[in-house]
file structure_32.txt (compact mmCIF, C-alpha atoms)
# COMPACT_ATOMS: atom_id res chain seq x y z
CA MET A 1 -5.77 -134.38 203.21
CA SER A 2 -7.42 -131.90 205.47
CA LYS A 3 -10.65 -132.72 207.21
CA MET A 4 -13.82 -130.88 206.45
CA HIS A 5 -16.57 -129.78 208.75
CA VAL A 6 -19.61 -131.96 208.12
CA LYS A 7 -23.09 -131.02 209.25
CA LEU A 8 -26.14 -133.16 208.57
CA THR A 9 -29.44 -134.20 210.02
CA VAL A 10 -29.56 -137.86 210.99
CA ASN A 11 -32.84 -139.34 212.20
CA GLY A 12 -34.13 -135.87 212.97
CA LYS A 13 -31.11 -134.75 214.98
CA GLN A 14 -28.50 -132.23 213.89
CA VAL A 15 -25.06 -133.81 213.93
CA GLU A 16 -21.66 -132.34 213.21
CA GLY A 17 -18.22 -133.77 212.82
CA LEU A 18 -14.87 -133.54 211.13
CA ALA A 19 -14.19 -135.97 208.33
CA GLU A 20 -11.92 -136.36 205.36
CA PRO A 21 -13.93 -135.81 202.17
CA ARG A 22 -13.09 -139.37 201.07
CA THR A 23 -14.90 -140.79 204.10
CA LEU A 24 -17.79 -142.91 202.93
CA LEU A 25 -21.14 -142.12 204.52
CA ILE A 26 -21.47 -145.68 205.84
CA HIS A 27 -18.18 -145.28 207.75
CA PHE A 28 -19.16 -141.86 209.07
CA LEU A 29 -22.48 -143.22 210.33
CA ARG A 30 -21.06 -146.36 211.90
CA GLU A 31 -17.69 -145.22 213.20
CA ASP A 32 -18.12 -141.52 213.99
CA LEU A 33 -21.81 -141.37 214.90
CA LYS A 34 -22.03 -144.98 216.19
CA ILE A 35 -25.21 -145.49 214.19
CA THR A 36 -24.71 -149.14 213.35
CA GLY A 37 -28.09 -150.01 211.82
CA PRO A 38 -26.85 -149.60 208.23
CA HIS A 39 -24.59 -152.56 207.52
CA ILE A 40 -21.54 -153.01 205.34
CA GLY A 41 -22.36 -156.06 203.24
CA CYS A 42 -20.65 -156.25 199.87
CA GLU A 43 -19.18 -152.75 199.98
CA THR A 44 -19.43 -152.69 196.18
CA SER A 45 -22.87 -151.09 195.60
CA HIS A 46 -24.59 -154.40 194.99
CA CYS A 47 -26.23 -155.73 198.14
CA GLY A 48 -28.15 -152.77 199.58
CA ALA A 49 -27.43 -153.59 203.26
CA CYS A 50 -26.06 -150.06 203.70
CA THR A 51 -29.18 -148.38 202.27
CA VAL A 52 -30.19 -145.16 203.99
CA ASP A 53 -32.72 -142.49 203.06
CA ILE A 54 -31.14 -139.21 201.93
CA ASP A 55 -33.49 -136.29 201.25
CA GLY A 56 -36.28 -138.68 200.26
CA LYS A 57 -34.17 -141.05 198.17
CA SER A 58 -32.95 -144.57 198.92
CA VAL A 59 -29.18 -144.48 198.59
CA LYS A 60 -26.34 -146.94 199.16
CA SER A 61 -24.23 -145.25 201.80
CA CYS A 62 -21.16 -147.33 200.84
CA THR A 63 -21.13 -145.50 197.51
CA THR A 64 -21.60 -141.99 198.87
CA PHE A 65 -18.94 -139.65 200.21
CA VAL A 66 -19.88 -137.84 203.36
CA ALA A 67 -18.80 -134.66 201.55
CA GLN A 68 -21.57 -135.18 199.00
CA VAL A 69 -24.28 -135.28 201.66
CA ASN A 70 -23.03 -132.36 203.70
CA GLY A 71 -26.23 -130.51 204.66
CA ALA A 72 -28.54 -133.43 203.82
CA ASP A 73 -31.31 -135.10 205.82
CA VAL A 74 -30.46 -138.75 206.46
CA THR A 75 -32.70 -141.44 207.89
CA THR A 76 -31.45 -144.88 208.92
CA VAL A 77 -33.38 -147.88 210.21
CA GLU A 78 -33.01 -146.45 213.72
CA GLY A 79 -35.10 -143.48 212.63
CA LEU A 80 -38.03 -145.66 211.58
CA THR A 81 -39.16 -146.61 215.08
CA ASN A 82 -42.23 -145.01 216.60
CA ASP A 83 -41.77 -141.91 218.72
CA ASP A 84 -41.98 -143.98 221.93
CA GLY A 85 -39.15 -146.23 220.72
CA SER A 86 -41.37 -149.18 219.86
CA LEU A 87 -41.03 -150.89 216.50
CA GLY A 88 -42.43 -148.99 213.51
CA VAL A 89 -44.93 -150.64 211.19
CA LEU A 90 -42.36 -152.05 208.75
CA GLN A 91 -40.15 -153.28 211.57
CA GLU A 92 -43.10 -154.92 213.30
CA MET A 93 -44.32 -156.55 210.08
CA PHE A 94 -40.84 -157.94 209.29
CA ARG A 95 -40.91 -159.54 212.75
CA GLU A 96 -44.50 -160.72 212.42
CA HIS A 97 -44.02 -162.27 208.96
CA HIS A 98 -40.56 -163.62 209.61
CA GLY A 99 -39.10 -161.33 206.95
CA LEU A 100 -35.60 -162.05 208.19
CA GLN A 101 -33.47 -164.94 209.28
CA CYS A 102 -29.90 -163.81 210.01
CA GLY A 103 -31.05 -160.19 209.89
CA PHE A 104 -27.98 -158.76 208.22
CA CYS A 105 -29.83 -157.35 205.20
CA THR A 106 -32.82 -156.20 207.26
CA PRO A 107 -31.85 -152.58 208.02
CA GLY A 108 -31.34 -151.92 204.31
CA MET A 109 -34.51 -153.81 203.40
CA ILE A 110 -36.64 -151.84 205.84
CA THR A 111 -35.13 -148.47 204.96
CA ARG A 112 -35.65 -149.15 201.25
CA ALA A 113 -39.17 -150.48 201.81
CA HIS A 114 -39.97 -147.30 203.75
CA ARG A 115 -39.23 -145.13 200.69
CA LEU A 116 -40.99 -147.57 198.36
CA LEU A 117 -44.22 -147.29 200.39
CA GLN A 118 -43.90 -143.52 200.61
CA GLU A 119 -43.85 -143.39 196.81
CA ASN A 120 -46.32 -146.20 196.19
CA PRO A 121 -48.69 -146.83 199.12
CA ASN A 122 -50.54 -149.61 197.26
CA PRO A 123 -47.86 -151.73 195.60
CA THR A 124 -48.58 -154.99 193.80
CA GLU A 125 -46.34 -157.94 194.53
CA GLU A 126 -44.50 -157.16 191.30
CA ASP A 127 -44.05 -153.52 192.36
CA ILE A 128 -42.54 -154.72 195.64
CA ARG A 129 -40.18 -157.17 193.99
CA PHE A 130 -39.07 -154.60 191.41
CA GLY A 131 -38.78 -151.84 194.00
CA MET A 132 -36.73 -154.04 196.32
CA SER A 133 -34.44 -155.38 193.60
CA GLY A 134 -31.48 -153.36 194.86
CA ASN A 135 -31.46 -155.29 198.15
CA LEU A 136 -30.08 -158.81 198.39
CA CYS A 137 -31.06 -161.38 201.03
CA ARG A 138 -29.24 -164.70 201.17
CA CYS A 139 -31.51 -166.37 203.74
CA THR A 140 -35.20 -165.89 203.20
CA GLY A 141 -35.76 -166.42 199.50
CA TYR A 142 -37.56 -163.04 199.68
CA GLN A 143 -41.07 -164.52 200.05
CA ASN A 144 -41.56 -163.32 203.62
CA ILE A 145 -39.90 -159.99 202.92
CA VAL A 146 -42.48 -159.37 200.20
CA LYS A 147 -45.27 -160.45 202.57
CA ALA A 148 -43.98 -158.16 205.32
CA ILE A 149 -43.93 -155.17 203.00
CA ALA A 150 -47.39 -155.92 201.60
CA ALA A 151 -48.72 -156.26 205.16
CA SER A 152 -47.05 -152.98 206.09
CA ALA A 153 -48.76 -151.25 203.18
CA ASP A 154 -52.14 -152.57 204.35
CA MET A 155 -51.51 -151.51 207.93
CA LEU A 156 -50.23 -148.05 207.02
CA ASN A 157 -53.26 -147.50 204.78
CA ALA A 158 -55.62 -148.65 207.57
CA GLN A 159 -53.90 -146.29 210.02
CA LYS A 160 -54.25 -143.45 207.55
CA GLU A 161 -57.94 -144.17 207.02
CA ALA A 162 -58.56 -144.34 210.76
CA ALA A 163 -56.85 -141.00 211.21
CA GLU A 164 -58.98 -139.29 208.58
CA MET B 1 -12.21 -150.19 200.64
CA ILE B 2 -11.05 -146.64 201.27
CA PRO B 3 -10.39 -144.38 198.28
CA ALA B 4 -7.31 -142.20 198.06
CA GLY B 5 -7.70 -138.74 199.55
CA PHE B 6 -8.86 -135.72 197.57
CA GLU B 7 -9.93 -132.13 198.00
CA TYR B 8 -13.68 -131.71 197.60
CA HIS B 9 -15.25 -128.87 195.63
CA ARG B 10 -18.92 -128.02 195.23
CA PRO B 11 -19.11 -125.14 192.75
CA GLY B 12 -22.42 -123.33 192.25
CA ASP B 13 -22.17 -122.67 188.52
CA ILE B 14 -20.62 -124.11 185.38
CA ALA B 15 -17.98 -121.40 185.01
CA SER B 16 -16.64 -122.07 188.52
CA ALA B 17 -16.55 -125.80 187.84
CA ILE B 18 -14.59 -125.30 184.63
CA GLY B 19 -12.26 -122.93 186.49
CA ILE B 20 -11.43 -125.67 188.98
CA LEU B 21 -10.83 -128.15 186.16
CA GLN B 22 -8.50 -125.67 184.44
CA GLU B 23 -6.62 -124.92 187.62
CA HIS B 24 -5.91 -128.54 188.47
CA GLY B 25 -5.77 -130.17 185.04
CA ASP B 26 -5.35 -133.96 185.16
CA GLU B 27 -5.63 -133.86 188.94
CA ALA B 28 -9.31 -132.93 188.87
CA ARG B 29 -12.42 -134.84 187.86
CA VAL B 30 -16.10 -134.05 188.02
CA ILE B 31 -18.52 -136.26 189.92
CA ALA B 32 -22.25 -136.48 189.18
CA GLY B 33 -24.07 -139.35 190.91
CA GLY B 34 -20.76 -141.09 191.47
CA HIS B 35 -22.01 -144.64 191.07
CA SER B 36 -19.49 -145.40 188.35
CA LEU B 37 -16.68 -143.26 189.72
CA ILE B 38 -16.82 -144.03 193.45
CA PRO B 39 -16.54 -147.82 192.97
CA MET B 40 -13.48 -147.19 190.78
CA MET B 41 -12.03 -144.86 193.43
CA LYS B 42 -12.62 -147.49 196.13
CA LEU B 43 -10.70 -149.99 194.01
CA ARG B 44 -7.99 -147.33 193.56
CA MET B 45 -8.42 -147.66 189.82
CA ALA B 46 -9.31 -143.96 189.82
CA GLU B 47 -7.41 -141.42 191.89
CA MET B 48 -7.55 -137.67 191.71
CA GLY B 49 -6.43 -134.78 193.87
CA HIS B 50 -9.59 -132.78 193.34
CA LEU B 51 -13.17 -133.95 193.07
CA VAL B 52 -15.61 -131.44 191.60
CA ASP B 53 -19.16 -132.23 192.70
CA LEU B 54 -21.73 -130.91 190.20
CA GLN B 55 -24.78 -131.30 192.48
CA ALA B 56 -25.21 -127.59 193.30
CA ILE B 57 -25.23 -126.35 189.70
CA GLU B 58 -28.84 -125.49 188.79
CA GLU B 59 -28.09 -125.15 185.06
CA LEU B 60 -27.36 -128.88 184.95
CA LYS B 61 -30.79 -129.84 186.27
CA GLY B 62 -34.28 -130.17 184.94
CA ILE B 63 -36.25 -131.79 182.15
CA GLU B 64 -37.71 -129.45 179.52
CA ILE B 65 -40.32 -130.79 177.14
CA GLY B 66 -40.67 -128.73 173.97
CA ALA B 67 -42.84 -129.42 170.95
CA ASP B 68 -39.88 -130.59 168.86
CA THR B 69 -37.09 -131.10 171.39
CA VAL B 70 -36.62 -132.53 174.84
CA SER B 71 -33.77 -131.10 176.89
CA LEU B 72 -32.34 -133.11 179.76
CA GLY B 73 -29.98 -131.55 182.29
CA ALA B 74 -26.86 -133.66 182.78
CA MET B 75 -27.66 -134.05 186.49
CA VAL B 76 -31.15 -135.46 185.87
CA THR B 77 -31.24 -138.84 187.60
CA GLN B 78 -32.50 -142.10 186.16
CA HIS B 79 -35.24 -141.91 188.80
CA GLU B 80 -36.35 -138.54 187.46
CA LEU B 81 -36.37 -139.93 183.91
CA ILE B 82 -38.68 -142.69 185.12
CA THR B 83 -41.07 -140.55 187.15
CA HIS B 84 -41.45 -137.57 184.79
CA ASP B 85 -44.89 -137.85 183.18
CA GLY B 86 -44.23 -135.38 180.38
CA LEU B 87 -41.11 -137.26 179.32
CA ALA B 88 -42.93 -140.60 179.34
CA THR B 89 -45.45 -139.11 176.93
CA ALA B 90 -42.96 -137.31 174.66
CA ILE B 91 -40.33 -140.08 174.39
CA PRO B 92 -41.50 -143.27 176.14
CA LEU B 93 -38.31 -145.07 175.07
CA ILE B 94 -36.27 -143.18 177.68
CA ARG B 95 -38.39 -144.37 180.58
CA GLU B 96 -38.40 -147.94 179.24
CA ALA B 97 -34.60 -147.95 179.11
CA ALA B 98 -34.07 -146.13 182.42
CA LEU B 99 -36.13 -148.78 184.22
CA GLN B 100 -33.52 -151.33 183.14
CA VAL B 101 -30.51 -149.39 184.41
CA ALA B 102 -28.87 -150.82 187.54
CA ASP B 103 -31.25 -151.02 190.54
CA PRO B 104 -33.61 -148.62 192.37
CA GLN B 105 -31.01 -147.18 194.74
CA VAL B 106 -28.54 -146.54 191.94
CA ARG B 107 -31.27 -144.93 189.82
CA TYR B 108 -32.01 -142.35 192.55
CA VAL B 109 -28.51 -140.91 192.20
CA GLY B 110 -27.18 -142.13 188.86
CA THR B 111 -27.47 -139.34 186.30
CA VAL B 112 -28.14 -139.35 182.58
CA GLY B 113 -25.18 -137.03 182.04
CA GLY B 114 -22.79 -139.29 183.90
CA ASN B 115 -24.15 -142.32 182.09
CA VAL B 116 -23.48 -140.85 178.64
CA ALA B 117 -20.27 -138.96 179.45
CA ASN B 118 -18.40 -141.77 181.15
CA GLY B 119 -17.92 -143.67 177.91
CA ASP B 120 -18.48 -147.06 179.51
CA PRO B 121 -19.61 -149.40 176.70
CA GLY B 122 -21.84 -151.18 179.23
CA ASN B 123 -23.95 -148.12 179.98
CA ASP B 124 -27.45 -148.10 178.50
CA MET B 125 -27.93 -144.40 177.76
CA PRO B 126 -25.24 -143.93 175.07
CA GLY B 127 -26.81 -146.44 172.67
CA LEU B 128 -30.25 -145.08 173.51
CA MET B 129 -29.11 -141.52 172.73
CA GLN B 130 -27.60 -142.67 169.44
CA CYS B 131 -30.88 -144.32 168.51
CA LEU B 132 -32.72 -141.08 169.36
CA ASN B 133 -30.11 -139.00 167.49
CA ALA B 134 -29.50 -136.85 170.58
CA THR B 135 -26.98 -134.02 170.80
CA PHE B 136 -24.69 -133.48 173.78
CA GLU B 137 -23.97 -129.93 174.89
CA LEU B 138 -20.46 -129.35 176.24
CA SER B 139 -19.11 -126.32 178.11
CA GLY B 140 -15.40 -125.65 178.46
CA PRO B 141 -12.81 -122.89 178.73
CA ASP B 142 -13.42 -121.95 175.09
CA GLY B 143 -17.19 -121.79 175.43
CA ARG B 144 -19.94 -124.13 174.36
CA ARG B 145 -20.20 -126.65 171.59
CA SER B 146 -22.50 -129.49 170.58
CA VAL B 147 -21.55 -133.01 169.59
CA ALA B 148 -23.96 -135.55 168.13
CA ALA B 149 -24.30 -138.69 170.25
CA ARG B 150 -23.48 -140.67 167.11
CA GLU B 151 -20.11 -138.84 166.86
CA PHE B 152 -19.27 -138.74 170.57
CA TYR B 153 -17.82 -142.17 171.32
CA GLU B 154 -14.27 -142.99 170.23
CA ALA B 155 -13.33 -146.05 172.31
CA ALA B 156 -14.09 -147.43 175.75
CA TYR B 157 -13.93 -144.45 178.15
CA PHE B 158 -12.66 -142.18 175.35
CA THR B 159 -15.11 -139.61 174.04
CA ALA B 160 -15.12 -136.32 172.15
CA ARG B 161 -15.29 -134.47 175.49
CA ASP B 162 -12.05 -132.69 176.44
CA ASP B 163 -10.76 -133.05 180.00
CA GLU B 164 -11.66 -129.47 180.85
CA GLU B 165 -15.16 -129.70 179.41
CA ILE B 166 -18.37 -130.59 181.20
CA LEU B 167 -21.30 -132.25 179.51
CA THR B 168 -24.13 -129.95 180.52
CA ARG B 169 -27.31 -130.95 178.69
CA ILE B 170 -28.71 -133.44 176.22
CA SER B 171 -31.07 -132.35 173.43
CA ILE B 172 -33.28 -134.98 171.88
CA PRO B 173 -35.56 -134.51 168.88
CA VAL B 174 -39.08 -135.68 169.76
CA PRO B 175 -39.90 -138.61 167.46
CA GLY B 176 -42.88 -137.96 165.23
CA ALA B 177 -46.34 -139.30 166.05
CA GLY B 178 -46.72 -142.87 164.92
CA VAL B 179 -43.09 -143.84 165.59
CA GLY B 180 -42.91 -147.03 167.65
CA GLN B 181 -40.10 -147.32 170.19
CA ALA B 182 -38.70 -150.19 172.24
CA TYR B 183 -35.71 -151.04 174.42
CA GLU B 184 -34.75 -154.66 175.04
CA LYS B 185 -31.96 -155.69 177.40
CA GLN B 186 -30.58 -159.10 178.29
CA LYS B 187 -28.68 -159.13 181.57
CA ARG B 188 -27.56 -161.86 183.93
CA LYS B 189 -29.10 -160.31 187.03
CA ILE B 190 -30.55 -157.08 188.38
CA GLY B 191 -27.93 -154.37 188.36
CA ASP B 192 -25.83 -156.01 185.68
CA TYR B 193 -24.71 -154.40 182.47
CA ALA B 194 -26.25 -155.75 179.29
CA THR B 195 -25.08 -158.94 177.68
CA ALA B 196 -26.79 -157.25 174.74
CA ALA B 197 -29.34 -154.45 174.52
CA ALA B 198 -31.19 -152.92 171.60
CA ALA B 199 -32.87 -149.53 171.14
CA VAL B 200 -35.25 -149.33 168.20
CA MET B 201 -37.44 -146.63 166.67
CA VAL B 202 -39.54 -147.41 163.62
CA GLY B 203 -42.43 -145.77 161.79
CA ASN B 204 -43.37 -143.18 159.15
CA GLY B 205 -40.96 -144.83 156.72
CA GLN B 206 -38.01 -144.20 159.03
CA ALA B 207 -36.06 -146.29 161.50
CA SER B 208 -33.12 -146.05 163.89
CA VAL B 209 -31.36 -148.96 165.54
CA ALA B 210 -28.57 -148.93 168.15
CA MET B 211 -27.07 -151.59 170.40
CA THR B 212 -25.21 -151.61 173.71
CA ASN B 213 -22.20 -153.49 175.12
CA LEU B 214 -21.37 -155.29 171.90
CA ALA B 215 -18.27 -153.26 170.98
CA ASP B 216 -16.01 -150.77 172.76
CA THR B 217 -18.53 -148.06 171.89
CA PRO B 218 -22.29 -148.11 171.40
CA VAL B 219 -23.18 -149.16 167.88
CA TRP B 220 -25.65 -147.21 165.76
CA SER B 221 -25.83 -148.70 162.29
CA GLU B 222 -27.02 -146.65 159.34
CA SER B 223 -27.39 -149.69 157.09
CA ALA B 224 -29.33 -151.59 159.76
CA SER B 225 -31.56 -148.55 160.27
CA ASN B 226 -32.14 -148.17 156.53
CA ALA B 227 -32.98 -151.86 156.15
CA LEU B 228 -35.57 -151.60 158.91
CA ALA B 229 -37.01 -148.42 157.40
CA ASP B 230 -37.59 -150.49 154.25
CA GLY B 231 -39.32 -153.16 156.32
CA ASP B 232 -36.47 -155.65 155.94
CA VAL B 233 -36.10 -157.08 159.45
CA SER B 234 -33.69 -159.84 158.50
CA GLY B 235 -31.54 -157.36 156.59
CA CYS B 236 -31.55 -155.06 159.61
CA VAL B 237 -30.41 -157.84 161.94
CA ALA B 238 -27.75 -158.99 159.48
CA ALA B 239 -26.40 -155.46 159.07
CA MET B 240 -26.27 -154.97 162.84
CA LEU B 241 -24.52 -158.30 163.42
CA ASP B 242 -21.98 -157.12 160.89
CA ALA B 243 -21.53 -153.79 162.71
CA ILE B 244 -21.04 -155.10 166.25
CA ASP B 245 -17.73 -156.44 167.51
CA PRO B 246 -18.25 -158.20 170.83
CA VAL B 247 -15.41 -159.78 172.78
CA ALA B 248 -15.58 -162.87 174.98
CA ASP B 249 -15.82 -162.13 178.71
CA ASN B 250 -17.71 -163.39 181.74
CA ARG B 251 -20.99 -162.62 179.95
CA GLY B 252 -20.17 -165.26 177.36
CA PRO B 253 -18.24 -166.12 174.21
CA VAL B 254 -18.54 -164.10 171.02
CA GLU B 255 -20.95 -166.56 169.35
CA PHE B 256 -23.32 -166.35 172.31
CA LYS B 257 -23.23 -162.56 172.39
CA LYS B 258 -24.04 -162.38 168.69
CA HIS B 259 -26.89 -164.81 169.24
CA VAL B 260 -28.27 -162.72 172.12
CA ALA B 261 -27.77 -159.53 170.12
CA ALA B 262 -29.94 -160.89 167.33
CA VAL B 263 -32.62 -162.05 169.77
CA MET B 264 -32.72 -158.69 171.55
CA LEU B 265 -32.83 -156.78 168.30
CA ARG B 266 -35.62 -158.89 166.84
CA ARG B 267 -37.66 -158.55 170.03
CA ALA B 268 -37.15 -154.78 170.14
CA ILE B 269 -38.11 -154.46 166.47
CA GLU B 270 -41.23 -156.54 166.98
CA ARG B 271 -42.32 -154.48 169.97
CA ALA B 272 -41.49 -151.15 168.34
CA GLN B 273 -43.43 -152.14 165.23
CA SER B 274 -46.41 -153.16 167.36
CA ARG B 275 -46.38 -149.66 168.84
CA ALA B 276 -46.06 -147.86 165.50
CA ASP B 277 -49.22 -146.60 163.80

call {"tool": "encode", "arguments": {"input": "structure_32.txt", "output": "structure tokens"}}
result
Amino acid sequence: MSKMHVKLTVNGKQVEGLAEPRTLLIHFLREDLKITGPHIGCETSHCGACTVDIDGKSVKSCTTFVAQVNGADVTTVEGLTNDDGSLGVLQEMFREHHGLQCGFCTPGMITRAHRLLQENPNPTEEDIRFGMSGNLCRCTGYQNIVKAIAASADMLNAQKEAAE
Amino acid sequence: MIPAGFEYHRPGDIASAIGILQEHGDEARVIAGGHSLIPMMKLRMAEMGHLVDLQAIEELKGIEIGADTVSLGAMVTQHELITHDGLATAIPLIREAALQVADPQVRYVGTVGGNVANGDPGNDMPGLMQCLNATFELSGPDGRRSVAAREFYEAAYFTARDDEEILTRISIPVPGAGVGQAYEKQKRKIGDYATAAAAVMVGNGQASVAMTNLADTPVWSESASNALADGDVSGCVAAMLDAIDPVADNRGPVEFKKHVAAVMLRRAIERAQSRAD
């Protein structure tokens, strides 16, 4: 099968490449672009470790062909740092609240939580648990993940207030 | 898990998409959100030479709320069904069911058209659409036609849609004021298909009852609906248990599924009745 010319924005940068249409986005990100934040966990659309943000939606990049997202705007966990390269609020709160143990699910958790807080800046604990239900963690029991996201919401809201 | 290779197409209108399907016949398939198809392609249980992506076709998008009818574009995602305020007011049952489909990530891309057209008995939307008495609009080489949701499903993955047709929109009559609606789903875990799910509408002397994943098609039962319209809950449940035909699998033996079906149906009826005026 012939390769197609793929052009997308990843973490704010224009990227181009040649890929077979059947190439999954997760493989294009990791193997062609060397963006290894999104992880391949189950590879069957269940675990959410490969979650990236595509045009404002949380999507499992193991279940997306690169051809489908040709022209799209993609954000991975690498794109959620501050401009100076320091940890972004969600990343810092996951560290602070011990929202990870082995860390394998973390890039998907943080990328998903980013979209959740964009859509719902004041989530209840139930909102967080429901909104994060497409991401599996086998270490933490989720308690500290929920705390980290709630703390991130508080901090982002305080930052917003201070800026106004 | 690498799928077999294919040529990728992204047509901009329905006619072009149908043209590609005609040109390549069995070798071509359409893809909407892809969250049923891509996993099957990764397992090599689905292979095709040509994949026709419907994402750029504007006619397949959008939710239109009319006084009597709601029209859903086939490419409307579950996420859009959940977040559309007008839809939640017109037919709250759709939002209630969509919230129980898969998980958040899947709902951002999974479409209502794909969910109903795929013919998977595990999908939630077919039974829901039968309960709502929706009509599916199909476009093909010979033009357009409409098929009632209650007539659409023939067997698992076999529907009234021809290979060269595309399901374009879904028309749903808006239930009258005072009709209570409820969707109840038992599943083993987030993201799972239903062990049993029930969609119920009741009120104004009418009722409609459909169930999911308890046969090789969704099951809408006229006698169960009539019994409920007459206020006979036990008769409704008995008629539905008679209509379903579950098979034993990793969600449980037949006896268990019938038990869960009755529990789901009774809960949905109770909640729908509590919402009826």

call {"tool": "interface_residues", "arguments": {"input": "structure_32.txt", "of": "chain A", "to": "chain B", "cutoff": "8 Å", "atoms": "all atoms listed in the file", "output": "number ranges by chain"}}
result
A: 1-2, 20-24, 43-46, 48, 51, 57-60, 63-64, 67-68, 131-134

call {"tool": "residues_around", "arguments": {"input": "structure_32.txt", "residues": "segment 118-125 of chain A", "least_positions_apart": "6", "cutoff": "9 Å", "atoms": "all atoms listed in the file", "output": "JSON, numbers by chain"}}
result
{"A": [146, 147, 150, 153, 154, 156, 157]}

call {"tool": "atom_distance", "arguments": {"input": "structure_32.txt", "atom1": "atom CA of Ala197 of chain B", "atom2": "atom CA of Asn213 of chain B"}}
result
7.2 Å

call {"tool": "residues_around", "arguments": {"input": "structure_32.txt", "residues": "Gly12 of chain B", "least_positions_apart": "4", "cutoff": "8 Å", "atoms": "only C-alpha atoms", "output": "list of chain:residue names"}}
result
B:Ser16, B:Ala17, B:Leu54, B:Ala56, B:Ile57, B:Glu58

call {"tool": "residues_near_point", "arguments": {"input": "structure_32.txt", "point": "(-16.2, -129.5, 204.8)", "cutoff": "8 Å", "atoms": "all atoms listed in the file", "output": "list in words"}}
result
Lys3, Met4, His5, Val6, Leu18, Ala19, Pro21, Ala67 and Asn70 of chain A; Tyr8 of chain B

call {"tool": "residues_around", "arguments": {"input": "structure_32.txt", "residues": "Glu184 of chain B", "least_positions_apart": "5", "cutoff": "7 Å", "atoms": "all atoms listed in the file", "output": "MDAnalysis selection string"}}
result
chainID B and resid 197:199 264 267:268

call {"tool": "residues_near_point", "arguments": {"input": "structure_32.txt", "point": "(-48.2, -151.9, 163.0)", "cutoff": "12 Å", "atoms": "only C-alpha atoms", "output": "list in words"}}
result
Gly178, Val179, Gly180, Gln181, Val202, Gly203, Asn204, Gly205, Gly231, Ile269, Glu270, Arg271, Ala272, Gln273, Ser274, Arg275, Ala276 and Asp277 of chain B

call {"tool": "atom_distance", "arguments": {"input": "structure_32.txt", "atom1": "atom CA of Pro38 of chain A", "atom2": "atom CA of Arg44 of chain B"}}
result
24.0 Å

call {"tool": "atom_distance", "arguments": {"input": "structure_32.txt", "atom1": "atom CA of Met129 of chain B", "atom2": "atom CA of Leu21 of chain B"}}
result
26.3 Å

call {"tool": "closest_residue", "arguments": {"input": "structure_32.txt", "among": "A:Ala49, A:Leu100, A:Leu117, A:Leu25", "to": "Ile145 of chain A", "atoms": "all atoms listed in the file"}}
result
A:Leu100

call {"tool": "closest_residue", "arguments": {"input": "structure_32.txt", "among": "B:Met201, B:Asp245, B:Asp85, B:Glu154", "to": "Ala229 of chain B", "atoms": "all atoms listed in the file"}}
result
B:Met201

call {"tool": "closest_residue", "arguments": {"input": "structure_32.txt", "among": "A:Cys42, A:Ala148, A:Cys62, A:Val74", "to": "Lys7 of chain A", "atoms": "only C-alpha atoms"}}
result
A:Val74
